[in-house]
file coords-v7.txt (compact mmCIF, N, CA and C atoms)
# COMPACT_ATOMS: atom_id res chain seq x y z
N MET A 1 29.40 0.84 5.90
CA MET A 1 28.40 0.91 6.93
C MET A 1 27.03 0.83 6.27
N ALA A 2 26.13 0.08 6.90
CA ALA A 2 24.76 -0.02 6.41
C ALA A 2 23.81 -0.01 7.59
N ILE A 3 22.70 0.68 7.39
CA ILE A 3 21.66 0.76 8.40
C ILE A 3 20.35 0.40 7.72
N ALA A 4 19.58 -0.50 8.33
CA ALA A 4 18.25 -0.83 7.81
C ALA A 4 17.22 -0.25 8.77
N ILE A 5 16.24 0.45 8.19
CA ILE A 5 15.17 1.00 9.02
C ILE A 5 13.84 0.45 8.53
N LYS A 6 12.88 0.45 9.43
CA LYS A 6 11.53 -0.02 9.10
C LYS A 6 10.55 0.98 9.68
N TYR A 7 9.50 1.24 8.91
CA TYR A 7 8.47 2.14 9.40
C TYR A 7 7.13 1.72 8.83
N ASP A 8 6.18 1.48 9.72
CA ASP A 8 4.81 1.18 9.35
C ASP A 8 3.97 2.35 9.84
N ARG A 9 3.45 3.12 8.93
CA ARG A 9 2.69 4.33 9.27
C ARG A 9 1.54 4.05 10.23
N GLU A 10 0.96 2.87 10.12
CA GLU A 10 -0.22 2.54 10.93
C GLU A 10 0.14 2.01 12.31
N LYS A 11 1.34 1.49 12.48
CA LYS A 11 1.70 0.84 13.74
C LYS A 11 2.78 1.56 14.54
N ASP A 12 3.69 2.22 13.85
CA ASP A 12 4.87 2.78 14.52
C ASP A 12 4.74 4.27 14.78
N GLY A 13 5.27 4.70 15.91
CA GLY A 13 5.34 6.12 16.20
C GLY A 13 6.44 6.80 15.41
N ALA A 14 7.51 6.05 15.16
CA ALA A 14 8.66 6.56 14.40
C ALA A 14 9.37 5.37 13.76
N PRO A 15 10.17 5.63 12.73
CA PRO A 15 10.95 4.53 12.14
C PRO A 15 11.90 3.92 13.17
N ARG A 16 12.19 2.64 12.99
CA ARG A 16 13.10 1.91 13.88
C ARG A 16 14.31 1.40 13.09
N VAL A 17 15.43 1.33 13.78
CA VAL A 17 16.61 0.68 13.21
C VAL A 17 16.40 -0.81 13.41
N ILE A 18 16.43 -1.58 12.32
CA ILE A 18 16.22 -3.02 12.45
C ILE A 18 17.49 -3.84 12.19
N ALA A 19 18.51 -3.19 11.64
CA ALA A 19 19.79 -3.86 11.43
C ALA A 19 20.84 -2.79 11.17
N LYS A 20 22.07 -3.10 11.56
CA LYS A 20 23.17 -2.19 11.26
C LYS A 20 24.46 -3.00 11.25
N GLY A 21 25.41 -2.52 10.48
CA GLY A 21 26.68 -3.24 10.43
C GLY A 21 27.74 -2.47 9.68
N MET A 22 28.96 -2.93 9.89
CA MET A 22 30.12 -2.37 9.21
C MET A 22 30.74 -3.48 8.36
N ARG A 23 31.46 -3.08 7.36
CA ARG A 23 32.22 -3.97 6.49
C ARG A 23 31.41 -5.17 6.00
N LEU A 24 31.78 -6.39 6.43
CA LEU A 24 31.12 -7.59 5.91
C LEU A 24 29.64 -7.64 6.28
N LYS A 25 29.31 -7.24 7.50
CA LYS A 25 27.91 -7.23 7.91
C LYS A 25 27.13 -6.22 7.08
N ALA A 26 27.73 -5.08 6.79
CA ALA A 26 27.07 -4.07 5.95
C ALA A 26 26.81 -4.63 4.56
N GLU A 27 27.77 -5.32 4.01
CA GLU A 27 27.59 -5.92 2.68
C GLU A 27 26.48 -6.96 2.70
N LYS A 28 26.38 -7.72 3.77
CA LYS A 28 25.32 -8.72 3.89
C LYS A 28 23.95 -8.05 3.97
N ILE A 29 23.85 -6.96 4.73
CA ILE A 29 22.59 -6.22 4.83
C ILE A 29 22.18 -5.72 3.45
N LYS A 30 23.13 -5.15 2.71
CA LYS A 30 22.83 -4.65 1.36
C LYS A 30 22.42 -5.79 0.43
N GLU A 31 23.10 -6.91 0.53
CA GLU A 31 22.79 -8.07 -0.31
C GLU A 31 21.38 -8.58 -0.03
N LEU A 32 21.03 -8.69 1.24
CA LEU A 32 19.69 -9.15 1.61
C LEU A 32 18.62 -8.18 1.15
N ALA A 33 18.89 -6.89 1.26
CA ALA A 33 17.93 -5.88 0.80
C ALA A 33 17.72 -6.03 -0.71
N LYS A 34 18.79 -6.19 -1.43
CA LYS A 34 18.70 -6.32 -2.88
C LYS A 34 17.90 -7.56 -3.27
N GLN A 35 18.18 -8.68 -2.61
CA GLN A 35 17.46 -9.92 -2.89
C GLN A 35 15.97 -9.80 -2.58
N ALA A 36 15.64 -9.03 -1.56
CA ALA A 36 14.24 -8.87 -1.15
C ALA A 36 13.53 -7.75 -1.92
N GLY A 37 14.26 -7.07 -2.79
CA GLY A 37 13.67 -5.97 -3.54
C GLY A 37 13.44 -4.72 -2.71
N VAL A 38 14.19 -4.60 -1.62
CA VAL A 38 14.07 -3.44 -0.75
C VAL A 38 15.02 -2.36 -1.27
N PRO A 39 14.49 -1.17 -1.54
CA PRO A 39 15.36 -0.11 -2.06
C PRO A 39 16.38 0.35 -1.01
N PHE A 40 17.53 0.74 -1.50
CA PHE A 40 18.52 1.30 -0.59
C PHE A 40 19.21 2.46 -1.28
N MET A 41 19.75 3.33 -0.45
CA MET A 41 20.43 4.51 -0.98
C MET A 41 21.65 4.80 -0.12
N LYS A 42 22.57 5.56 -0.67
CA LYS A 42 23.78 5.91 0.05
C LYS A 42 23.64 7.31 0.65
N ASN A 43 23.80 7.37 1.97
CA ASN A 43 23.82 8.64 2.69
C ASN A 43 24.71 8.41 3.91
N THR A 44 26.00 8.61 3.73
CA THR A 44 26.96 8.27 4.78
C THR A 44 26.79 9.12 6.05
N THR A 45 26.39 10.36 5.89
CA THR A 45 26.20 11.22 7.06
C THR A 45 25.05 10.70 7.91
N LEU A 46 23.94 10.38 7.28
CA LEU A 46 22.78 9.85 8.00
C LEU A 46 23.10 8.48 8.57
N ALA A 47 23.78 7.64 7.81
CA ALA A 47 24.14 6.31 8.31
C ALA A 47 24.99 6.40 9.57
N ALA A 48 25.94 7.32 9.59
CA ALA A 48 26.79 7.49 10.77
C ALA A 48 25.97 7.92 11.98
N ALA A 49 25.00 8.81 11.77
CA ALA A 49 24.15 9.24 12.87
C ALA A 49 23.25 8.10 13.35
N LEU A 50 22.70 7.33 12.42
CA LEU A 50 21.83 6.22 12.79
C LEU A 50 22.59 5.05 13.41
N TYR A 51 23.86 4.96 13.12
CA TYR A 51 24.66 3.86 13.67
C TYR A 51 24.71 3.92 15.20
N ARG A 52 24.52 5.09 15.75
CA ARG A 52 24.54 5.26 17.21
C ARG A 52 23.24 4.79 17.86
N VAL A 53 22.21 4.52 17.06
CA VAL A 53 20.92 4.06 17.57
C VAL A 53 20.97 2.53 17.69
N ASP A 54 20.53 2.02 18.82
CA ASP A 54 20.51 0.57 19.03
C ASP A 54 19.48 -0.09 18.12
N VAL A 55 19.77 -1.31 17.69
CA VAL A 55 18.83 -2.09 16.89
C VAL A 55 17.55 -2.28 17.71
N GLY A 56 16.42 -2.04 17.08
CA GLY A 56 15.13 -2.16 17.73
C GLY A 56 14.59 -0.85 18.28
N GLN A 57 15.44 0.16 18.34
CA GLN A 57 15.04 1.45 18.89
C GLN A 57 14.51 2.39 17.80
N GLU A 58 13.60 3.27 18.21
CA GLU A 58 13.12 4.30 17.29
C GLU A 58 14.24 5.30 17.04
N ILE A 59 14.22 5.89 15.85
CA ILE A 59 15.22 6.91 15.56
C ILE A 59 14.95 8.14 16.42
N PRO A 60 15.99 8.87 16.79
CA PRO A 60 15.78 10.07 17.61
C PRO A 60 15.11 11.19 16.80
N GLU A 61 14.39 12.03 17.51
CA GLU A 61 13.61 13.09 16.88
C GLU A 61 14.47 14.00 16.00
N GLU A 62 15.71 14.24 16.39
CA GLU A 62 16.55 15.14 15.60
C GLU A 62 16.90 14.58 14.21
N LEU A 63 16.61 13.30 13.98
CA LEU A 63 16.88 12.69 12.67
C LEU A 63 15.61 12.50 11.85
N TYR A 64 14.46 12.92 12.37
CA TYR A 64 13.19 12.72 11.66
C TYR A 64 13.22 13.30 10.25
N ASP A 65 13.67 14.53 10.10
CA ASP A 65 13.65 15.17 8.78
C ASP A 65 14.51 14.41 7.78
N ALA A 66 15.70 14.02 8.18
CA ALA A 66 16.60 13.30 7.27
C ALA A 66 16.03 11.93 6.89
N VAL A 67 15.47 11.25 7.87
CA VAL A 67 14.88 9.92 7.60
C VAL A 67 13.61 10.08 6.76
N ALA A 68 12.86 11.14 6.98
CA ALA A 68 11.66 11.39 6.18
C ALA A 68 12.02 11.54 4.71
N GLU A 69 13.14 12.18 4.41
CA GLU A 69 13.59 12.30 3.02
C GLU A 69 13.86 10.93 2.41
N VAL A 70 14.48 10.06 3.19
CA VAL A 70 14.75 8.70 2.71
C VAL A 70 13.44 7.96 2.47
N LEU A 71 12.53 8.04 3.43
CA LEU A 71 11.25 7.35 3.28
C LEU A 71 10.45 7.89 2.10
N ASN A 72 10.48 9.19 1.88
CA ASN A 72 9.80 9.76 0.71
C ASN A 72 10.39 9.22 -0.58
N PHE A 73 11.71 9.08 -0.62
CA PHE A 73 12.39 8.50 -1.77
C PHE A 73 11.91 7.07 -2.01
N VAL A 74 11.84 6.29 -0.94
CA VAL A 74 11.41 4.89 -1.04
C VAL A 74 9.96 4.81 -1.49
N TYR A 75 9.08 5.63 -0.89
CA TYR A 75 7.67 5.60 -1.26
C TYR A 75 7.48 5.99 -2.73
N ALA A 76 8.25 6.95 -3.20
CA ALA A 76 8.17 7.36 -4.60
C ALA A 76 8.59 6.21 -5.52
N LEU A 77 9.65 5.51 -5.15
CA LEU A 77 10.09 4.36 -5.95
C LEU A 77 9.02 3.28 -5.98
N GLN A 78 8.41 3.03 -4.84
CA GLN A 78 7.37 2.00 -4.77
C GLN A 78 6.17 2.38 -5.63
N GLN A 79 5.79 3.65 -5.64
CA GLN A 79 4.69 4.10 -6.47
C GLN A 79 5.00 3.92 -7.94
N GLU A 80 6.23 4.25 -8.32
CA GLU A 80 6.66 4.09 -9.71
C GLU A 80 6.58 2.62 -10.13
N GLN A 81 6.89 1.73 -9.19
CA GLN A 81 6.89 0.31 -9.48
C GLN A 81 5.52 -0.34 -9.26
N GLY A 82 4.53 0.47 -8.84
CA GLY A 82 3.19 -0.05 -8.64
C GLY A 82 3.02 -0.85 -7.37
N LYS A 83 3.89 -0.60 -6.37
CA LYS A 83 3.80 -1.32 -5.09
C LYS A 83 3.17 -0.41 -4.06
N LYS A 84 2.69 -1.04 -3.00
CA LYS A 84 2.11 -0.28 -1.88
C LYS A 84 3.20 0.34 -1.05

call {"tool": "encode", "arguments": {"input": "coords-v7.txt", "output": "structure tokens"}}
result
Amino acid sequence: MAIAIKYDREKDGAPRVIAKGMRLKAEKIKELAKQAGVPFMKNTTLAAALYRVDVGQEIPEELYDAVAEVLNFVYALQQEQGKK
């Protein structure tokens, strides 16, 4: 299972699910992320919860803390790599 989220601090009220998939589709999402240099991490519990969110929808409020941890991880990686 793979879930892709997007969040623009200046434009979005909350992160959005932009792609999700199981098996082959999940592998394709991971492959595309890797090719684009987008960081990814494994969190099966969070992925299962986010899988219930429709593509294009904001994540539910009860998942804010868990998703914030992921975003903090990504932002830290980007800072280490000198990216915005």

call {"tool": "select_by_dssp", "arguments": {"input": "coords-v7.txt", "residues": "range 3-83 of chain A", "states": "alpha helix (DSSP H)", "output": "MDAnalysis selection string"}}
result
chainID A and resid 23:36 44:51 64:80

call {"tool": "closest_residue", "arguments": {"input": "coords-v7.txt", "among": "A:Leu63, A:Leu77, A:Ile3, A:Ala68", "to": "Lys30 in chain A", "atoms": "all atoms listed in the file"}}
result
A:Ile3

call {"tool": "atom_distance", "arguments": {"input": "coords-v7.txt", "atom1": "CA of Lys34 in chain A", "atom2": "CA of Gly13 in chain A"}}
result
26.4 Å

call {"tool": "closest_residue", "arguments": {"input": "coords-v7.txt", "among": "A:Ile18, A:Met41, A:Lys11, A:Val53", "to": "Val70 in chain A", "atoms": "all atoms listed in the file"}}
result
A:Met41

call {"tool": "atom_distance", "arguments": {"input": "coords-v7.txt", "atom1": "atom N of Lys28 in chain A", "atom2": "CA of Glu10 in chain A"}}
result
29.4 Å

call {"tool": "atom_distance", "arguments": {"input": "coords-v7.txt", "atom1": "CA of Leu50 in chain A", "atom2": "atom C of Ala66 in chain A"}}
result
10.1 Å

call {"tool": "select_by_dssp", "arguments": {"input": "coords-v7.txt", "residues": "chain A", "states": "strand (DSSP E)", "output": "list of chain:residue names"}}
result
A:Ala2, A:Ile3, A:Ala4, A:Ile5, A:Lys6, A:Arg16, A:Val17, A:Ile18, A:Ala19, A:Lys20, A:Gly21

call {"tool": "closest_residue", "arguments": {"input": "coords-v7.txt", "among": "A:Ala2, A:Val67, A:Ala19, A:Ala76", "to": "Asp54 in chain A", "atoms": "all atoms listed in the file"}}
result
A:Ala19

call {"tool": "closest_residue", "arguments": {"input": "coords-v7.txt", "among": "A:Tyr51, A:Met1, A:Pro15, A:Glu31", "to": "Asp65 in chain A", "atoms": "only C-alpha atoms"}}
result
A:Pro15
